[in-house]
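Next comes query.cif, with mmCIF, C-alpha atoms and all ligand atoms.
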data_final
loop_
_atom_site.group_PDB
_atom_site.id
_atom_site.type_symbol
_atom_site.label_atom_id
_atom_site.label_comp_id
_atom_site.auth_asym_id
_atom_site.auth_seq_id
_atom_site.Cartn_x
_atom_site.Cartn_y
_atom_site.Cartn_z
ATOM 1 C CA MET A 1 -26.246 124.886 30.429
ATOM 2 C CA THR A 2 -27.953 124.924 27.059
ATOM 3 C CA ASN A 3 -25.739 124.689 24.029
ATOM 4 C CA ILE A 4 -26.874 127.191 21.373
ATOM 5 C CA ILE A 5 -25.658 126.235 17.922
ATOM 6 C CA GLY A 6 -25.968 128.554 14.940
ATOM 7 C CA ILE A 7 -26.392 126.843 11.577
ATOM 8 C CA THR A 8 -25.405 128.968 8.640
ATOM 9 C CA GLY A 9 -24.181 128.710 5.094
ATOM 10 C CA GLY A 10 -24.906 130.434 1.828
ATOM 11 C CA ILE A 11 -27.929 130.418 -0.415
ATOM 12 C CA ALA A 12 -28.575 126.806 -1.546
ATOM 13 C CA SER A 13 -25.590 125.452 0.387
ATOM 14 C CA GLY A 14 -27.781 122.872 2.146
ATOM 15 C CA LYS A 15 -28.931 124.464 5.418
ATOM 16 C CA SER A 16 -32.514 123.221 5.059
ATOM 17 C CA THR A 17 -31.277 119.749 4.229
ATOM 18 C CA VAL A 18 -29.283 119.725 7.481
ATOM 19 C CA THR A 19 -31.956 121.325 9.660
ATOM 20 C CA ALA A 20 -34.657 118.930 8.384
ATOM 21 C CA PHE A 21 -32.441 116.102 9.618
ATOM 22 C CA LEU A 22 -31.854 117.806 12.982
ATOM 23 C CA ARG A 23 -35.615 118.151 13.451
ATOM 24 C CA GLU A 24 -36.106 114.487 12.530
ATOM 25 C CA GLN A 25 -33.620 113.645 15.259
ATOM 26 C CA GLY A 26 -35.804 115.581 17.712
ATOM 27 C CA TYR A 27 -33.748 118.747 18.099
ATOM 28 C CA PRO A 28 -35.437 122.157 18.266
ATOM 29 C CA VAL A 29 -34.486 124.429 15.377
ATOM 30 C CA ILE A 30 -35.379 128.109 15.170
ATOM 31 C CA ASP A 31 -35.704 128.977 11.484
ATOM 32 C CA ALA A 32 -34.864 132.662 11.040
ATOM 33 C CA ASP A 33 -36.446 132.861 7.570
ATOM 34 C CA ALA A 34 -39.697 131.379 8.853
ATOM 35 C CA VAL A 35 -39.702 133.801 11.801
ATOM 36 C CA VAL A 36 -39.261 136.748 9.423
ATOM 37 C CA HIS A 37 -42.156 135.462 7.295
ATOM 38 C CA GLU A 38 -44.341 135.277 10.403
ATOM 39 C CA LEU A 39 -43.408 138.803 11.412
ATOM 40 C CA GLN A 40 -44.180 140.057 7.901
ATOM 41 C CA ALA A 41 -47.546 138.267 7.699
ATOM 42 C CA LYS A 42 -50.730 140.286 8.177
ATOM 43 C CA GLY A 43 -50.967 141.091 11.875
ATOM 44 C CA GLY A 44 -47.253 140.412 12.394
ATOM 45 C CA LYS A 45 -45.012 143.020 14.004
ATOM 46 C CA LEU A 46 -43.361 144.043 10.722
ATOM 47 C CA TYR A 47 -46.393 144.162 8.470
ATOM 48 C CA GLN A 48 -47.730 147.592 9.447
ATOM 49 C CA ILE A 49 -44.250 149.082 9.542
ATOM 50 C CA LEU A 50 -43.552 147.960 5.978
ATOM 51 C CA VAL A 51 -46.898 149.155 4.648
ATOM 52 C CA ALA A 52 -46.444 152.535 6.377
ATOM 53 C CA GLU A 53 -42.988 152.930 4.841
ATOM 54 C CA PHE A 54 -43.486 151.564 1.338
ATOM 55 C CA GLY A 55 -47.220 152.026 0.768
ATOM 56 C CA GLU A 56 -49.882 149.622 -0.401
ATOM 57 C CA GLY A 57 -47.981 149.083 -3.647
ATOM 58 C CA ILE A 58 -45.993 146.389 -1.869
ATOM 59 C CA LEU A 59 -49.135 144.348 -1.183
ATOM 60 C CA LEU A 60 -50.783 141.659 -3.255
ATOM 61 C CA LYS A 61 -54.517 141.857 -3.985
ATOM 62 C CA ASP A 62 -55.315 139.783 -0.916
ATOM 63 C CA GLY A 63 -53.460 142.284 1.288
ATOM 64 C CA THR A 64 -50.479 140.060 2.026
ATOM 65 C CA LEU A 65 -46.965 141.315 1.464
ATOM 66 C CA ASP A 66 -45.679 140.870 -2.087
ATOM 67 C CA ARG A 67 -42.387 139.382 -0.940
ATOM 68 C CA ALA A 68 -41.128 138.771 -4.475
ATOM 69 C CA LYS A 69 -41.670 142.430 -5.410
ATOM 70 C CA LEU A 70 -40.041 143.710 -2.249
ATOM 71 C CA GLY A 71 -37.176 141.260 -2.713
ATOM 72 C CA GLN A 72 -36.555 142.406 -6.293
ATOM 73 C CA ALA A 73 -36.778 146.071 -5.354
ATOM 74 C CA VAL A 74 -34.254 145.836 -2.522
ATOM 75 C CA PHE A 75 -31.982 143.631 -4.542
ATOM 76 C CA ALA A 76 -31.730 146.341 -7.196
ATOM 77 C CA ASP A 77 -31.379 149.287 -4.803
ATOM 78 C CA SER A 78 -28.833 149.393 -1.983
ATOM 79 C CA ASP A 79 -30.390 152.492 -0.318
ATOM 80 C CA LEU A 80 -33.705 150.716 -0.133
ATOM 81 C CA ARG A 81 -31.948 147.669 1.267
ATOM 82 C CA ALA A 82 -30.410 149.784 4.020
ATOM 83 C CA ARG A 83 -33.770 151.380 4.824
ATOM 84 C CA LEU A 84 -35.497 148.029 5.011
ATOM 85 C CA SER A 85 -32.736 146.725 7.190
ATOM 86 C CA SER A 86 -32.975 149.660 9.622
ATOM 87 C CA LEU A 87 -36.746 149.129 9.898
ATOM 88 C CA GLN A 88 -36.659 145.380 10.388
ATOM 89 C CA ASP A 89 -33.385 144.205 11.910
ATOM 90 C CA GLN A 90 -33.954 145.113 15.547
ATOM 91 C CA ILE A 91 -37.446 143.615 15.639
ATOM 92 C CA ILE A 92 -36.237 140.410 13.995
ATOM 93 C CA ARG A 93 -33.335 140.188 16.406
ATOM 94 C CA GLU A 94 -35.546 140.629 19.469
ATOM 95 C CA GLU A 95 -37.937 137.949 18.235
ATOM 96 C CA LEU A 96 -35.170 135.427 17.461
ATOM 97 C CA LEU A 97 -33.467 135.968 20.811
ATOM 98 C CA ALA A 98 -36.771 135.755 22.697
ATOM 99 C CA ARG A 99 -37.491 132.401 21.051
ATOM 100 C CA ARG A 100 -33.986 131.204 21.845
ATOM 101 C CA ASP A 101 -34.435 132.178 25.499
ATOM 102 C CA VAL A 102 -37.768 130.358 25.784
ATOM 103 C CA LEU A 103 -36.273 127.149 24.356
ATOM 104 C CA LYS A 104 -33.256 127.484 26.635
ATOM 105 C CA GLN A 105 -35.514 126.904 29.645
ATOM 106 C CA ALA A 106 -36.322 123.365 28.588
ATOM 107 C CA GLU A 107 -33.734 122.148 26.086
ATOM 108 C CA GLU A 108 -30.119 121.063 26.326
ATOM 109 C CA VAL A 109 -29.357 121.972 22.733
ATOM 110 C CA VAL A 110 -31.010 124.603 20.554
ATOM 111 C CA PHE A 111 -30.169 125.128 16.890
ATOM 112 C CA MET A 112 -30.703 128.476 15.207
ATOM 113 C CA ASP A 113 -30.773 128.409 11.397
ATOM 114 C CA ILE A 114 -29.664 131.923 10.450
ATOM 115 C CA PRO A 115 -28.655 132.260 6.788
ATOM 116 C CA LEU A 116 -27.043 135.675 7.333
ATOM 117 C CA LEU A 117 -25.565 134.838 10.739
ATOM 118 C CA TYR A 118 -22.263 136.569 9.988
ATOM 119 C CA GLU A 119 -23.594 139.373 7.815
ATOM 120 C CA ALA A 120 -26.163 140.309 10.492
ATOM 121 C CA ASP A 121 -23.728 139.770 13.353
ATOM 122 C CA TYR A 122 -25.317 136.952 15.353
ATOM 123 C CA SER A 123 -22.136 135.071 16.168
ATOM 124 C CA GLY A 124 -22.106 136.560 19.687
ATOM 125 C CA GLU A 125 -25.607 135.176 20.330
ATOM 126 C CA VAL A 126 -24.685 131.517 19.836
ATOM 127 C CA ASP A 127 -22.112 129.280 21.520
ATOM 128 C CA GLN A 128 -20.789 127.860 18.269
ATOM 129 C CA VAL A 129 -21.385 128.048 14.556
ATOM 130 C CA TRP A 130 -21.747 125.100 12.201
ATOM 131 C CA LEU A 131 -21.306 126.116 8.561
ATOM 132 C CA VAL A 132 -22.949 124.111 5.782
ATOM 133 C CA TYR A 133 -20.382 124.456 3.029
ATOM 134 C CA VAL A 134 -20.278 123.637 -0.675
ATOM 135 C CA ASP A 135 -17.823 124.759 -3.310
ATOM 136 C CA LYS A 136 -18.947 127.658 -5.447
ATOM 137 C CA ALA A 137 -19.589 125.656 -8.622
ATOM 138 C CA GLN A 138 -21.915 123.270 -6.737
ATOM 139 C CA GLN A 139 -23.629 126.169 -4.994
ATOM 140 C CA LEU A 140 -24.359 127.898 -8.317
ATOM 141 C CA ASP A 141 -25.525 124.670 -9.890
ATOM 142 C CA ARG A 142 -27.912 123.797 -7.025
ATOM 143 C CA LEU A 143 -29.206 127.357 -6.820
ATOM 144 C CA MET A 144 -29.933 127.501 -10.570
ATOM 145 C CA LYS A 145 -31.730 124.159 -10.427
ATOM 146 C CA ARG A 146 -33.723 124.834 -7.249
ATOM 147 C CA ASN A 147 -34.810 128.387 -8.117
ATOM 148 C CA GLY A 148 -34.863 128.055 -11.913
ATOM 149 C CA LEU A 149 -32.337 130.891 -12.293
ATOM 150 C CA SER A 150 -29.979 131.770 -15.118
ATOM 151 C CA SER A 151 -26.306 131.550 -14.280
ATOM 152 C CA GLN A 152 -26.057 135.368 -14.192
ATOM 153 C CA ASP A 153 -28.979 135.669 -11.744
ATOM 154 C CA ALA A 154 -27.470 132.955 -9.570
ATOM 155 C CA GLU A 155 -24.097 134.769 -9.586
ATOM 156 C CA ASN A 156 -25.843 138.004 -8.569
ATOM 157 C CA ARG A 157 -27.538 136.319 -5.621
ATOM 158 C CA LEU A 158 -24.230 134.937 -4.440
ATOM 159 C CA ALA A 159 -22.530 138.310 -4.808
ATOM 160 C CA ALA A 160 -24.950 139.814 -2.238
ATOM 161 C CA GLN A 161 -23.608 137.527 0.535
ATOM 162 C CA LEU A 162 -20.240 136.896 2.136
ATOM 163 C CA SER A 163 -18.667 133.988 0.260
ATOM 164 C CA LEU A 164 -18.643 130.522 1.787
ATOM 165 C CA GLU A 165 -14.837 130.660 1.639
ATOM 166 C CA GLU A 166 -14.880 133.692 3.949
ATOM 167 C CA LYS A 167 -17.442 132.098 6.267
ATOM 168 C CA ARG A 168 -15.347 128.958 6.366
ATOM 169 C CA GLY A 169 -12.562 130.913 8.045
ATOM 170 C CA LEU A 170 -14.955 132.074 10.768
ATOM 171 C CA ALA A 171 -16.991 128.951 11.608
ATOM 172 C CA ASP A 172 -16.282 126.537 14.485
ATOM 173 C CA VAL A 173 -17.387 123.519 12.462
ATOM 174 C CA VAL A 174 -17.556 123.003 8.706
ATOM 175 C CA ILE A 175 -20.074 120.479 7.338
ATOM 176 C CA ASP A 176 -19.065 119.708 3.763
ATOM 177 C CA ASN A 177 -22.175 119.277 1.614
ATOM 178 C CA SER A 178 -20.311 118.932 -1.697
ATOM 179 C CA GLY A 179 -20.959 115.188 -1.891
ATOM 180 C CA ALA A 180 -24.101 113.077 -1.523
ATOM 181 C CA VAL A 181 -26.722 114.066 1.055
ATOM 182 C CA GLU A 182 -26.018 110.808 2.930
ATOM 183 C CA ALA A 183 -22.382 111.828 3.363
ATOM 184 C CA THR A 184 -23.470 115.187 4.742
ATOM 185 C CA LEU A 185 -25.918 113.662 7.197
ATOM 186 C CA ALA A 186 -23.239 111.219 8.350
ATOM 187 C CA GLN A 187 -21.086 114.222 9.312
ATOM 188 C CA VAL A 188 -24.010 115.712 11.226
ATOM 189 C CA GLU A 189 -24.650 112.417 13.018
ATOM 190 C CA ARG A 190 -21.019 112.295 14.072
ATOM 191 C CA LEU A 191 -21.188 115.859 15.411
ATOM 192 C CA LEU A 192 -24.351 115.052 17.366
ATOM 193 C CA ARG A 193 -22.732 111.935 18.814
ATOM 194 C CA GLU A 194 -19.657 113.888 19.850
ATOM 195 C CA MET A 195 -21.864 116.473 21.466
ATOM 196 C CA LYS A 196 -23.796 113.836 23.424
ATOM 197 C CA ASP A 197 -20.575 112.177 24.538
ATOM 198 C CA GLY A 198 -19.340 115.535 25.745
ATOM 199 C CA ARG A 199 -16.476 115.602 23.259
ATOM 200 C CA ARG A 200 -17.960 118.697 21.667
ATOM 201 C CA GLN A 201 -19.103 121.423 24.031
HETATM 202 P P1 LIG A 301 -30.367 126.117 1.709
HETATM 203 O O1 LIG A 301 -31.384 125.762 2.753
HETATM 204 O O2 LIG A 301 -28.997 126.343 2.254
HETATM 205 O O3 LIG A 301 -30.783 127.237 0.785
HETATM 206 P P2 LIG A 301 -31.111 123.527 0.551
HETATM 207 O O4 LIG A 301 -30.980 122.565 1.682
HETATM 208 O O5 LIG A 301 -32.482 123.960 0.135
HETATM 209 O O6 LIG A 301 -30.183 124.819 0.770
HETATM 210 O O7 LIG A 301 -30.343 122.897 -0.696
HETATM 211 C C1 LIG A 301 -30.312 123.587 -1.959
HETATM 212 C C2 LIG A 301 -30.735 122.652 -3.088
HETATM 213 O O8 LIG A 301 -29.720 121.681 -3.272
HETATM 214 C C3 LIG A 301 -32.015 121.903 -2.792
HETATM 215 O O9 LIG A 301 -32.712 121.749 -3.999
HETATM 216 C C4 LIG A 301 -31.521 120.561 -2.255
HETATM 217 O O10 LIG A 301 -32.429 119.519 -2.503
HETATM 218 C C5 LIG A 301 -30.231 120.373 -3.038
HETATM 219 N N1 LIG A 301 -29.195 119.683 -2.256
HETATM 220 C C6 LIG A 301 -28.814 119.928 -0.998
HETATM 221 N N2 LIG A 301 -27.802 119.126 -0.613
HETATM 222 C C7 LIG A 301 -27.504 118.360 -1.688
HETATM 223 C C8 LIG A 301 -26.540 117.327 -1.948
HETATM 224 N N3 LIG A 301 -25.643 116.940 -1.029
HETATM 225 N N4 LIG A 301 -26.532 116.771 -3.177
HETATM 226 C C9 LIG A 301 -27.405 117.165 -4.136
HETATM 227 N N5 LIG A 301 -28.348 118.121 -3.962
HETATM 228 C C10 LIG A 301 -28.393 118.719 -2.753
#
What would the structure in this file look like if it were written as structure tokens?
Ligand code: ADP
Amino acid sequence: MTNIIGITGGIASGKSTVTAFLREQGYPVIDADAVVHELQAKGGKLYQILVAEFGEGILLKDGTLDRAKLGQAVFADSDLRARLSSLQDQIIREELLARRDVLKQAEEVVFMDIPLLYEADYSGEVDQVWLVYVDKAQQLDRLMKRNGLSSQDAENRLAAQLSLEEKRGLADVVIDNSGAVEATLAQVERLLREMKDGRRQ
């Protein structure tokens, strides 16, 4: 039976660093953010729904979704966030699960990179969860550097998610990404080896 492994973490905790390595090793990874982008692209299942709800003001000149504008608007307004969520969540869920089920036909292991796995309640859809963890100071530092944010903006982004400390208490496996990337990937290699040897189901 296929082993479905959810990869999660927090913003800038190192999920992409881990999933890039998993892909290099030949494992299939469903990237929830990329799937959402596809659905929101012109012609995607969410595009028309969003334009109908929010009007053409959320589009760029070329007709594509102004994701930065929408992101800022929902970040500042919790009612809008709830409305967006009620419009999108079910469609996103169906798409992610359909892709999982297709891959299940052919693969022994399928990874699903879902940043908001706990917040959006996907833990029942995977067999186990691997959390990419860093301490909060590192997370803020990497987020500020990667996204060019002030420390206040970085704090605000973190405040919109469950903390990594809370997620740590829920995950089956914790991958500590507080050190060098090589040390993180060594942990992932060990987990993959254990899985192959049948020591990790
Ligand atoms: P996520 O996908 O969880 O948002 P990323 O994998 O993009 O996180 O990592 C966030 C940032 O931190 C990136 O700029 C990445 O290059 C950097 N980074 C990730 N892991 C480490 C590490 N162990 N040491 C130093 N920088 C790291």
TODO: To one decimal in Å, tell me the separation between atom CA of Ile5 of chain A and atom CA of Val29 of chain A.
DONE: 9.4 Å
Protein and nucleic acid residues within 7 Å of ligand LIG 301 (chain A) (only C-alpha atoms and all ligand atoms) as a PDB file with C-alpha atoms, in the coordinates of the input:
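So selection_19.pdb came out as:
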ATOM      1  CA  GLY A   9     -24.181 128.710   5.094  1.00  0.00           C
ATOM      2  CA  GLY A  10     -24.906 130.434   1.828  1.00  0.00           C
ATOM      3  CA  ILE A  11     -27.929 130.418  -0.415  1.00  0.00           C
ATOM      4  CA  ALA A  12     -28.575 126.806  -1.546  1.00  0.00           C
ATOM      5  CA  SER A  13     -25.590 125.452   0.387  1.00  0.00           C
ATOM      6  CA  GLY A  14     -27.781 122.872   2.146  1.00  0.00           C
ATOM      7  CA  LYS A  15     -28.931 124.464   5.418  1.00  0.00           C
ATOM      8  CA  SER A  16     -32.514 123.221   5.059  1.00  0.00           C
ATOM      9  CA  THR A  17     -31.277 119.749   4.229  1.00  0.00           C
ATOM     10  CA  VAL A  18     -29.283 119.725   7.481  1.00  0.00           C
ATOM     11  CA  ARG A 142     -27.912 123.797  -7.025  1.00  0.00           C
ATOM     12  CA  LEU A 143     -29.206 127.357  -6.820  1.00  0.00           C
ATOM     13  CA  LYS A 145     -31.730 124.159 -10.427  1.00  0.00           C
ATOM     14  CA  ARG A 146     -33.723 124.834  -7.249  1.00  0.00           C
ATOM     15  CA  ASN A 177     -22.175 119.277   1.614  1.00  0.00           C
ATOM     16  CA  SER A 178     -20.311 118.932  -1.697  1.00  0.00           C
ATOM     17  CA  GLY A 179     -20.959 115.188  -1.891  1.00  0.00           C
ATOM     18  CA  ALA A 180     -24.101 113.077  -1.523  1.00  0.00           C
ATOM     19  CA  VAL A 181     -26.722 114.066   1.055  1.00  0.00           C
ATOM     20  CA  THR A 184     -23.470 115.187   4.742  1.00  0.00           C
TER      21      THR A 184
END
Task: Distance of atom CA of Ser163 of chain A from atom CA of Ala82 of chain A, expressed in Å to one decimal place - done: 20.0 Å
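Distances to Val173 of chain A were evaluated for A:Leu192, A:Ala106, A:Leu149, A:Leu131 using only C-alpha atoms, and the minimum falls at A:Leu131.
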TODO: Within 8 Å of Leu46 of chain A, counting all atoms listed in the file, which residues show up once you throw out same-chain ones fewer than 4 positions away? Write them as a ChimeraX atom specification, please.
DONE: /A:39-41,50,88,91
Open item on the list: Measuring between only C-alpha atoms, which one of A:Tyr47, A:Phe75, A:Gln139, A:Phe111 shows the shortest distance to Asp31 of chain A?
Closed with: A:Phe111
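Using only C-alpha atoms, the nearest neighbour of Ala171 of chain A within the list A:Gln138, A:Asn156, A:Ser150, A:Ser123 is A:Ser123.
Of the residues listed (A:Leu65, A:Ala159, A:Val134, A:Ile30), A:Ile30 shows the shortest atom-to-atom separation from Val102 of chain A; distances use all atoms listed in the file.
For the atom pair formed by atom CA of Leu140 of chain A and atom CA of Leu22 of chain A, the distance is 24.7 Å, given to one decimal.
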TODO: Can you turn the PyMOL selection byres (((chain A and resi 8) around 9) and not hetatm) into a concrete residue list for this file, as a count of residues only?
DONE: 20
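In this comparison, which uses all atoms listed in the file, the residue of A:Lys136, A:Lys42, A:Lys104, A:His37 approaching Leu158 of chain A most closely is A:Lys136.
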TODO: Can you work out which one of A:Leu185, A:Val109, A:Leu70, A:Ala52 has the shortest atom-to-atom distance to Asn3 of chain A, counting only C-alpha atoms?
DONE: A:Val109
Open item on the list: I need the output of the PyMOL selection byres (((chain A and resi 85-87) around 10) and not hetatm) for this file as a ChimeraX atom specification; which residues are they?
Closed with: /A:46,49-50,53,74,79-84,88-92,120
Listed atoms of segment 112-130 of chain A, axis-aligned box, 8 Å per side: centre and edge lengths to one decimal in Å, as lines of an AutoDock Vina configuration file?
center_x = -25.8
center_y = 132.7
center_z = 14.2
size_x = 26.0
size_y = 31.2
size_z = 30.7
Open item on the list: Which residues are close to Lys69 of chain A, i.e. within 10 Å by only C-alpha atoms, leaving aside same-chain residues fewer than 6 positions away? Reply as an MDAnalysis selection string.
Closed with: chainID A and resid 57:60 75
